[in-house]
Amino acid sequence: MKRSIVLTSLLATSLIVSLTQIPEAQAEEYTAATTGISAPSESLESSGTPSVEIVDVGAPVHQMDADLNVTATVSNPTAGALVITESTLSAQSWTPNSRARLFSFMRGEDAYLTTEEVLSDDVTVPAGASTTLSFHVTAEDLNWENTSTQWGPRGLEVDVTLQDQTVLTDRSLVVLAPNYDVDPMPATVVVPLTATAQELADEPELSTILTSIYGTSSTSSPTTSSTEPVLESQAATDRITHELKALTTQGVTAVIDPSILTNDDVKIAANTFTGTSGTELAITPLYDADIQSLIATGHKQLAQDSLAQGARTAADSGVAVTTNLALLTPNTDQQTVSALASMGVSGVVVAGNEVPATGYRYYTASGRFDLPLDSSSSISALATDSAMSAALAGVLVDDDETAATSETTQNLSALDSRQTVLALSAITYRERPSDSRATVLALDRNGLAAYGMSTLATATSDDALDISNLQGTISALMSAPWVEASTASKILTLTPAADERDALKETVSATGALTNEELTSIEDATSAISLVAGLSATPRTITDPANTIASQLYSTVWRSSERARLSRIQSLLDTANYFTSSLHVMRSSTIRVVSQQTELPVHVTSTLPFDVGVTLKLDSRDTRLEADKIVAVTVPARSSARVMVPIEAKGSGNIKVEAKILTPNGTQIGSAQDIEIRVRADWENIGTLIVAILIALVLVVGIIRSLKRGRRGSPIEPEKFKALRQSRAAVAPSSSADG
């Protein structure tokens, strides 16, 4: 906890007066609340406010017989030097026995403190610089009773007095270990490991993936043999690999998106994690699908498919995971829990402030309870300790049921986060030492604030949720002598507490949840893309990345970025529209048909980057033309094909037919195209008749002409013919002699 308390000279004088009125027995005690908080002194023409911060209190759990070492840093962001005239370390002389008193101390409210050490040497802090103050108090000087009732948290305060009487103050905690053996209470920290909305938004769009696969040329073959997104970002997998390695410590129940287990580096880290004693790796639905939204919109089957796909993906990875545990989202409802139970989930983790223990009690209820499903059945459940979970995330809440997003919350430094978690845990144990109650802490999903203000993915190095700081806090908690490192599944096997808790609301409209319209758009887009992809030789080259993008859009993390989700949905719809409009029949001029049976030429064009196999059908609403045959054709990538469709004409006239492109199973793709046809089917018969008549006329004319040449002469009688031959023979020799 980092803050500055600045006093003017007048306030300092009031403090001195008030101290003189404290009884002698409390001469070394004072009330921190009398210091107040005021604006920076006018003498400090600053660009910022000077501050002091406790940065080290020694070991996370302090042994009663050990010396106390406290380190504080004084920062001077002003334009002039600061002079520290006195520094004081004070501590509570007793152990807060309730969470309310602990919260009160850490919020800076009234608390009686005992001065442990005073540093009176003047220290100058140059402008824009800082200095370190070190306090050392021996165990004897601490004078803390070494009894069974004195272990647990004690408040610390460092006060720094400047030369102008300004006082800077900061508080933290030291937690004393018990001086006897205790029966430890089981505890686990549930850590979700999923992608952020930004990481998903940075994933390539489907159009980009297809361009990387097919290129921009006219080739119909993929330019890469992989169907995985070529431009896939490694941000999420690299980050989660690092986090999983850091969280490989007892007492951690990690809940991972199973899609991340397909990465080799993640698998190696996951196997190391699960091989460590006292750890558990559970899974979300695939891509951490928003089960609550899917159930609320009536998409129960889609929710069940997400659970099943997640389990199959995890099984394929070979990593040992728990598949029947659900980490519920903030603002969950009874409807979701009942649906999960019907899908085979046997245990749930729910935020404790959503199912608070009812009735007055002086102790913290166990995190293990049974959540009713109806009047006769229930599901095993774990309620998180909301206050401890908030402290783990770096936030100090008002009480156990206060949401971490409340305006009254206060940020904690990494050190104060660790010490507050330990302090709350110790107080919980001390409430009922003979009643070992289970404690469950949890962190937020990325972007869904319930316990803290930041997440693992967005934490800076100074935050409590920086992975190294978080690992240190969890290790300190699980190694505390009153804590037994456990897992969610192991705690679920414990006998549920008898404490009654409020029921969940039947239904809750979660902020940023998926809408029915969005889900319908996603389903329509993927259906259209799958329909066209099925016409190619390698449909999975297209459908695999399309289905991946669609599944990612169901992710719970999009609740934190609705605009980005809508943008991704629109991009998927644009690709689907491109697919369905890329195939069409080319428009043509009016076609003349003069035969009863012929083939009609139709041109089909495609702008798709791959070859497609389709069929073409002509629909005629006119009985004078029949076209009931469907013709299959392969249309090359970014090209066209000529299709000859058989038709039969039964009359003449101007007829309009509708050309449709169909899938092999008969589903229409794109819009139909009208073709104008001028049918003159009787012209063929008329032409044949004319030719026949012409042939007949030619024959008749030939005969007539032959008749007009005259009749043939009478035949010569044989005797006359013989006499003629003899006379010719007699003439021949005389002619020869004359020559």
# chains A, B, ... in the order shown; residues from 1 in each chain; ligands from 1

call {"tool": "residues_around", "arguments": {"residues": "A:Asp170", "least_positions_apart": "5", "cutoff": "6 Å", "atoms": "only C-alpha atoms", "output": "tab-separated table (two decimals) with all heavy atoms, in the first residue's frame"}}
result
chain	number	residue	atom	x	y	z
A	53	GLU	N	7.38	4.35	1.09
A	53	GLU	CA	6.77	3.03	0.87
A	53	GLU	C	7.60	1.96	1.55
A	53	GLU	O	8.83	1.90	1.38
A	53	GLU	CB	6.69	2.72	-0.63
A	53	GLU	CG	6.07	1.37	-0.90
A	53	GLU	CD	6.01	1.04	-2.39
A	53	GLU	OE1	6.55	1.82	-3.20
A	53	GLU	OE2	5.43	-0.02	-2.74
A	157	GLU	N	3.99	0.46	10.68
A	157	GLU	CA	3.87	1.79	10.09
A	157	GLU	C	5.22	2.49	10.13
A	157	GLU	O	5.94	2.43	11.14
A	157	GLU	CB	2.84	2.63	10.85
A	157	GLU	CG	2.64	4.02	10.26
A	157	GLU	CD	1.53	4.79	10.94
A	157	GLU	OE1	0.35	4.46	10.66
A	157	GLU	OE2	1.83	5.68	11.76
A	158	VAL	N	5.57	3.11	9.03
A	158	VAL	CA	6.77	3.93	8.95
A	158	VAL	C	6.34	5.37	8.74
A	158	VAL	O	5.58	5.67	7.82
A	158	VAL	CB	7.70	3.47	7.80
A	158	VAL	CG1	8.82	4.50	7.59
A	158	VAL	CG2	8.29	2.11	8.12

call {"tool": "residues_around", "arguments": {"residues": "A:Glu145", "least_positions_apart": "6", "cutoff": "12 Å", "atoms": "only C-alpha atoms", "output": "PDB file with N, CA, C and O atoms, in the first residue's frame"}}
result
ATOM      1  N   GLN A  63       9.298 -15.429  12.321  1.00  0.00           N
ATOM      2  CA  GLN A  63       9.411 -16.278  13.500  1.00  0.00           C
ATOM      3  C   GLN A  63       9.466 -15.396  14.747  1.00  0.00           C
ATOM      4  O   GLN A  63      10.102 -14.337  14.759  1.00  0.00           O
ATOM      5  N   MET A  64       8.788 -15.840  15.800  1.00  0.00           N
ATOM      6  CA  MET A  64       8.668 -14.999  16.991  1.00  0.00           C
ATOM      7  C   MET A  64      10.009 -14.678  17.637  1.00  0.00           C
ATOM      8  O   MET A  64      10.167 -13.639  18.287  1.00  0.00           O
ATOM      9  N   ASP A  65      10.972 -15.548  17.484  1.00  0.00           N
ATOM     10  CA  ASP A  65      12.270 -15.317  18.131  1.00  0.00           C
ATOM     11  C   ASP A  65      13.277 -14.685  17.184  1.00  0.00           C
ATOM     12  O   ASP A  65      14.478 -14.671  17.455  1.00  0.00           O
ATOM     13  N   SER A  93       0.914  -3.759  18.971  1.00  0.00           N
ATOM     14  CA  SER A  93       1.376  -4.588  20.091  1.00  0.00           C
ATOM     15  C   SER A  93       0.488  -5.792  20.309  1.00  0.00           C
ATOM     16  O   SER A  93       0.734  -6.593  21.198  1.00  0.00           O
ATOM     17  N   TRP A  94      -0.546  -5.911  19.514  1.00  0.00           N
ATOM     18  CA  TRP A  94      -1.468  -7.043  19.637  1.00  0.00           C
ATOM     19  C   TRP A  94      -1.838  -7.524  18.238  1.00  0.00           C
ATOM     20  O   TRP A  94      -1.601  -6.836  17.243  1.00  0.00           O
ATOM     21  N   THR A  95      -2.434  -8.679  18.150  1.00  0.00           N
ATOM     22  CA  THR A  95      -2.782  -9.290  16.871  1.00  0.00           C
ATOM     23  C   THR A  95      -4.251  -9.042  16.551  1.00  0.00           C
ATOM     24  O   THR A  95      -5.126  -9.399  17.353  1.00  0.00           O
ATOM     25  N   ALA A 139      14.781  -9.267  18.529  1.00  0.00           N
ATOM     26  CA  ALA A 139      13.632  -9.994  19.067  1.00  0.00           C
ATOM     27  C   ALA A 139      13.360  -9.588  20.511  1.00  0.00           C
ATOM     28  O   ALA A 139      12.195  -9.477  20.937  1.00  0.00           O
ATOM     29  N   TRP A 151       0.330 -15.254  17.817  1.00  0.00           N
ATOM     30  CA  TRP A 151       0.798 -15.400  16.443  1.00  0.00           C
ATOM     31  C   TRP A 151      -0.260 -14.865  15.475  1.00  0.00           C
ATOM     32  O   TRP A 151      -1.434 -14.767  15.793  1.00  0.00           O
ATOM     33  N   GLY A 152       0.186 -14.522  14.304  1.00  0.00           N
ATOM     34  CA  GLY A 152      -0.715 -13.952  13.312  1.00  0.00           C
ATOM     35  C   GLY A 152      -0.229 -12.586  12.852  1.00  0.00           C
ATOM     36  O   GLY A 152       0.930 -12.219  13.047  1.00  0.00           O
ATOM     37  N   LEU A 176       3.331 -13.242  12.096  1.00  0.00           N
ATOM     38  CA  LEU A 176       4.117 -14.108  12.980  1.00  0.00           C
ATOM     39  C   LEU A 176       3.653 -15.556  12.865  1.00  0.00           C
ATOM     40  O   LEU A 176       2.452 -15.833  12.817  1.00  0.00           O
ATOM     41  N   PRO A 178       3.053 -19.405  14.209  1.00  0.00           N
ATOM     42  CA  PRO A 178       2.715 -19.993  15.517  1.00  0.00           C
ATOM     43  C   PRO A 178       3.939 -20.697  16.099  1.00  0.00           C
ATOM     44  O   PRO A 178       4.794 -21.197  15.369  1.00  0.00           O
ATOM     45  N   ASN A 179       4.023 -20.719  17.412  1.00  0.00           N
ATOM     46  CA  ASN A 179       5.167 -21.354  18.072  1.00  0.00           C
ATOM     47  C   ASN A 179       4.861 -22.783  18.487  1.00  0.00           C
ATOM     48  O   ASN A 179       5.507 -23.335  19.372  1.00  0.00           O
TER      49      ASN A 179
END

call {"tool": "residues_around", "arguments": {"residues": "A:Asn271", "least_positions_apart": "2", "cutoff": "10 Å", "atoms": "only C-alpha atoms", "output": "PyMOL selection string"}}
result
chain A and resi 266-269+273-276+281+318-321

call {"tool": "residues_around", "arguments": {"residues": "stretch 201-204 of chain A", "least_positions_apart": "3", "cutoff": "12 Å", "atoms": "only C-alpha atoms", "output": "ChimeraX atom specification"}}
result
/A:195-198,207-212,228-236,545-546,548-549,552-553,555,557-558,561-569,571-572

call {"tool": "residues_around", "arguments": {"residues": "A:Lys660", "least_positions_apart": "3", "cutoff": "12 Å", "atoms": "only C-alpha atoms", "output": "JSON, numbers by chain"}}
result
{"A": [583, 584, 585, 586, 602, 603, 604, 614, 615, 616, 617, 618, 619, 620, 627, 630, 631, 632, 645, 657, 663, 666, 667, 668, 669, 670, 671, 672, 673, 674, 675]}

call {"tool": "write_last_selection", "arguments": {"atoms": "N, CA, C and O atoms", "output": "CSV table (one decimal), in the first residue's frame"}}
result
chain,number,residue,atom,x,y,z
A,583,LEU,N,-19.2,-17.2,-57.5
A,583,LEU,CA,-19.6,-18.1,-58.6
A,583,LEU,C,-20.9,-17.6,-59.2
A,583,LEU,O,-21.9,-17.3,-58.5
A,584,HIS,N,-20.9,-17.4,-60.5
A,584,HIS,CA,-22.1,-16.9,-61.1
A,584,HIS,C,-22.2,-17.2,-62.6
A,584,HIS,O,-21.1,-17.5,-63.2
A,585,VAL,N,-23.4,-17.3,-63.2
A,585,VAL,CA,-23.5,-17.5,-64.6
A,585,VAL,C,-23.4,-16.2,-65.3
A,585,VAL,O,-24.0,-15.2,-64.9
A,586,MET,N,-22.6,-16.2,-66.4
A,586,MET,CA,-22.4,-14.9,-67.1
A,586,MET,C,-23.7,-14.6,-67.9
A,586,MET,O,-24.3,-15.5,-68.5
A,602,VAL,N,-23.7,-22.3,-71.9
A,602,VAL,CA,-23.8,-21.4,-70.7
A,602,VAL,C,-22.4,-21.3,-70.1
A,602,VAL,O,-21.7,-22.3,-70.0
A,603,HIS,N,-22.0,-20.1,-69.8
A,603,HIS,CA,-20.7,-19.8,-69.2
A,603,HIS,C,-20.8,-19.6,-67.7
A,603,HIS,O,-21.5,-18.7,-67.3
A,604,VAL,N,-20.0,-20.3,-66.9
A,604,VAL,CA,-19.9,-20.2,-65.5
A,604,VAL,C,-18.6,-19.6,-65.1
A,604,VAL,O,-17.5,-20.1,-65.6
A,614,VAL,N,-19.0,-28.0,-59.6
A,614,VAL,CA,-20.4,-27.6,-59.4
A,614,VAL,C,-21.2,-28.3,-60.5
A,614,VAL,O,-20.7,-29.0,-61.4
A,615,THR,N,-22.5,-28.1,-60.3
A,615,THR,CA,-23.4,-28.6,-61.4
A,615,THR,C,-24.3,-27.4,-61.8
A,615,THR,O,-24.4,-26.4,-61.1
A,616,LEU,N,-24.8,-27.5,-63.1
A,616,LEU,CA,-25.6,-26.4,-63.6
A,616,LEU,C,-26.9,-26.9,-64.0
A,616,LEU,O,-27.1,-28.0,-64.6
A,617,LYS,N,-28.0,-26.2,-63.7
A,617,LYS,CA,-29.3,-26.6,-64.0
A,617,LYS,C,-30.1,-25.4,-64.5
A,617,LYS,O,-30.0,-24.3,-64.1
A,618,LEU,N,-30.9,-25.7,-65.6
A,618,LEU,CA,-31.8,-24.7,-66.2
A,618,LEU,C,-33.2,-25.0,-65.7
A,618,LEU,O,-33.7,-26.1,-65.9
A,619,ASP,N,-33.9,-24.0,-65.2
A,619,ASP,CA,-35.3,-24.1,-64.8
A,619,ASP,C,-36.1,-23.3,-65.9
A,619,ASP,O,-35.9,-22.1,-66.1
A,620,SER,N,-37.0,-24.1,-66.5
A,620,SER,CA,-37.9,-23.4,-67.5
A,620,SER,C,-39.3,-23.5,-67.0
A,620,SER,O,-39.8,-24.6,-66.6
A,627,ALA,N,-35.7,-28.6,-69.9
A,627,ALA,CA,-34.3,-28.6,-69.6
A,627,ALA,C,-34.1,-29.3,-68.2
A,627,ALA,O,-33.8,-28.6,-67.3
A,630,ILE,N,-29.1,-32.1,-65.4
A,630,ILE,CA,-28.1,-31.3,-64.6
A,630,ILE,C,-26.8,-31.7,-65.1
A,630,ILE,O,-26.4,-32.9,-65.2
A,631,VAL,N,-25.9,-30.7,-65.4
A,631,VAL,CA,-24.6,-31.0,-66.0
A,631,VAL,C,-23.5,-30.6,-65.0
A,631,VAL,O,-23.6,-29.5,-64.4
A,632,ALA,N,-22.6,-31.5,-64.7
A,632,ALA,CA,-21.5,-31.2,-63.8
A,632,ALA,C,-20.4,-30.6,-64.6
A,632,ALA,O,-20.1,-30.9,-65.7
A,645,VAL,N,-25.7,-27.5,-72.0
A,645,VAL,CA,-26.8,-28.1,-71.3
A,645,VAL,C,-27.8,-28.6,-72.3
A,645,VAL,O,-28.3,-27.8,-73.1
A,657,VAL,N,-35.4,-18.8,-69.4
A,657,VAL,CA,-35.1,-19.9,-68.4
A,657,VAL,C,-34.1,-19.3,-67.4
A,657,VAL,O,-33.5,-18.3,-67.5
A,663,THR,N,-24.5,-27.2,-55.8
A,663,THR,CA,-23.5,-28.1,-55.3
A,663,THR,C,-23.9,-29.5,-55.8
A,663,THR,O,-25.0,-29.7,-56.2
A,666,GLY,N,-27.2,-30.6,-54.6
A,666,GLY,CA,-28.4,-29.8,-55.0
A,666,GLY,C,-28.6,-28.5,-54.4
A,666,GLY,O,-29.7,-27.9,-54.6
A,667,THR,N,-27.7,-28.1,-53.5
A,667,THR,CA,-27.9,-26.8,-52.9
A,667,THR,C,-27.5,-25.6,-53.8
A,667,THR,O,-26.4,-25.7,-54.3
A,668,GLN,N,-28.3,-24.6,-53.9
A,668,GLN,CA,-28.0,-23.5,-54.8
A,668,GLN,C,-26.9,-22.6,-54.2
A,668,GLN,O,-26.9,-22.4,-53.0
A,669,ILE,N,-26.0,-22.1,-55.0
A,669,ILE,CA,-25.0,-21.2,-54.6
A,669,ILE,C,-25.2,-19.9,-55.4
A,669,ILE,O,-25.3,-19.9,-56.6
A,670,GLY,N,-25.2,-18.8,-54.6
A,670,GLY,CA,-25.3,-17.5,-55.3
A,670,GLY,C,-26.7,-17.3,-55.9
A,670,GLY,O,-27.7,-18.1,-55.6
A,671,SER,N,-26.9,-16.3,-56.7
A,671,SER,CA,-28.2,-16.0,-57.3
A,671,SER,C,-28.3,-16.6,-58.7
A,671,SER,O,-27.3,-16.9,-59.3
A,672,ALA,N,-29.5,-16.8,-59.1
A,672,ALA,CA,-29.8,-17.4,-60.4
A,672,ALA,C,-29.6,-16.3,-61.5
A,672,ALA,O,-29.7,-15.1,-61.2
A,673,GLN,N,-29.5,-16.7,-62.7
A,673,GLN,CA,-29.3,-15.8,-63.9
A,673,GLN,C,-30.3,-16.2,-64.9
A,673,GLN,O,-30.4,-17.3,-65.4
A,674,ASP,N,-31.1,-15.2,-65.4
A,674,ASP,CA,-32.1,-15.4,-66.5
A,674,ASP,C,-31.4,-15.4,-67.8
A,674,ASP,O,-30.5,-14.6,-68.1
A,675,ILE,N,-31.9,-16.3,-68.7
A,675,ILE,CA,-31.4,-16.4,-70.1
A,675,ILE,C,-32.6,-16.3,-71.0
A,675,ILE,O,-33.5,-17.1,-70.9

call {"tool": "select_by_dssp", "arguments": {"residues": "stretch 430-491 of chain A", "states": "strand (DSSP E or B)", "output": "list in words"}}
result
Thr439, Val440, Leu441, Ala442, Val483, Glu484 and Ala485 of chain A

call {"tool": "select_by_dssp", "arguments": {"residues": "stretch 327-573 of chain A", "states": "alpha helix (DSSP H)", "output": "ChimeraX atom specification"}}
result
/A:334-342,386-392,414-431,467-478,488-492,516-533,540-552,562-573

call {"tool": "closest_atom_pairs", "arguments": {"of": "stretch 226-327 of chain A", "to": "stretch 464-472 of chain A", "cutoff": "12 Å", "atoms": "only C-alpha atoms", "output": "JSON lines"}}
result
{"residue": "A:Arg239", "atom": "CA", "partner": "A:Ile467", "partner_atom": "CA", "distance": 10.3}
{"residue": "A:Ile240", "atom": "CA", "partner": "A:Ile467", "partner_atom": "CA", "distance": 10.5}
{"residue": "A:Thr241", "atom": "CA", "partner": "A:Ile467", "partner_atom": "CA", "distance": 11.7}
{"residue": "A:His242", "atom": "CA", "partner": "A:Ile467", "partner_atom": "CA", "distance": 8.7}
{"residue": "A:Glu243", "atom": "CA", "partner": "A:Ile467", "partner_atom": "CA", "distance": 6.5}
{"residue": "A:Leu244", "atom": "CA", "partner": "A:Ile467", "partner_atom": "CA", "distance": 9.6}
{"residue": "A:Lys245", "atom": "CA", "partner": "A:Ile467", "partner_atom": "CA", "distance": 9.9}
{"residue": "A:Ala246", "atom": "CA", "partner": "A:Gln471", "partner_atom": "CA", "distance": 6.4}
{"residue": "A:Leu247", "atom": "CA", "partner": "A:Gln471", "partner_atom": "CA", "distance": 6.0}
{"residue": "A:Thr248", "atom": "CA", "partner": "A:Gln471", "partner_atom": "CA", "distance": 8.7}
{"residue": "A:Thr249", "atom": "CA", "partner": "A:Gln471", "partner_atom": "CA", "distance": 8.0}
{"residue": "A:Gln250", "atom": "CA", "partner": "A:Gln471", "partner_atom": "CA", "distance": 10.4}
{"residue": "A:Gly251", "atom": "CA", "partner": "A:Gln471", "partner_atom": "CA", "distance": 10.9}
{"residue": "A:Val252", "atom": "CA", "partner": "A:Gln471", "partner_atom": "CA", "distance": 9.8}

call {"tool": "closest_residue", "arguments": {"among": "A:Leu600, A:Ala351, A:Leu206, A:Leu328", "to": "A:Asp544", "atoms": "only C-alpha atoms"}}
result
A:Leu206

call {"tool": "closest_residue", "arguments": {"among": "A:Ser560, A:Thr515, A:Asn76, A:Ser425", "to": "A:Pro481", "atoms": "only C-alpha atoms"}}
result
A:Ser425
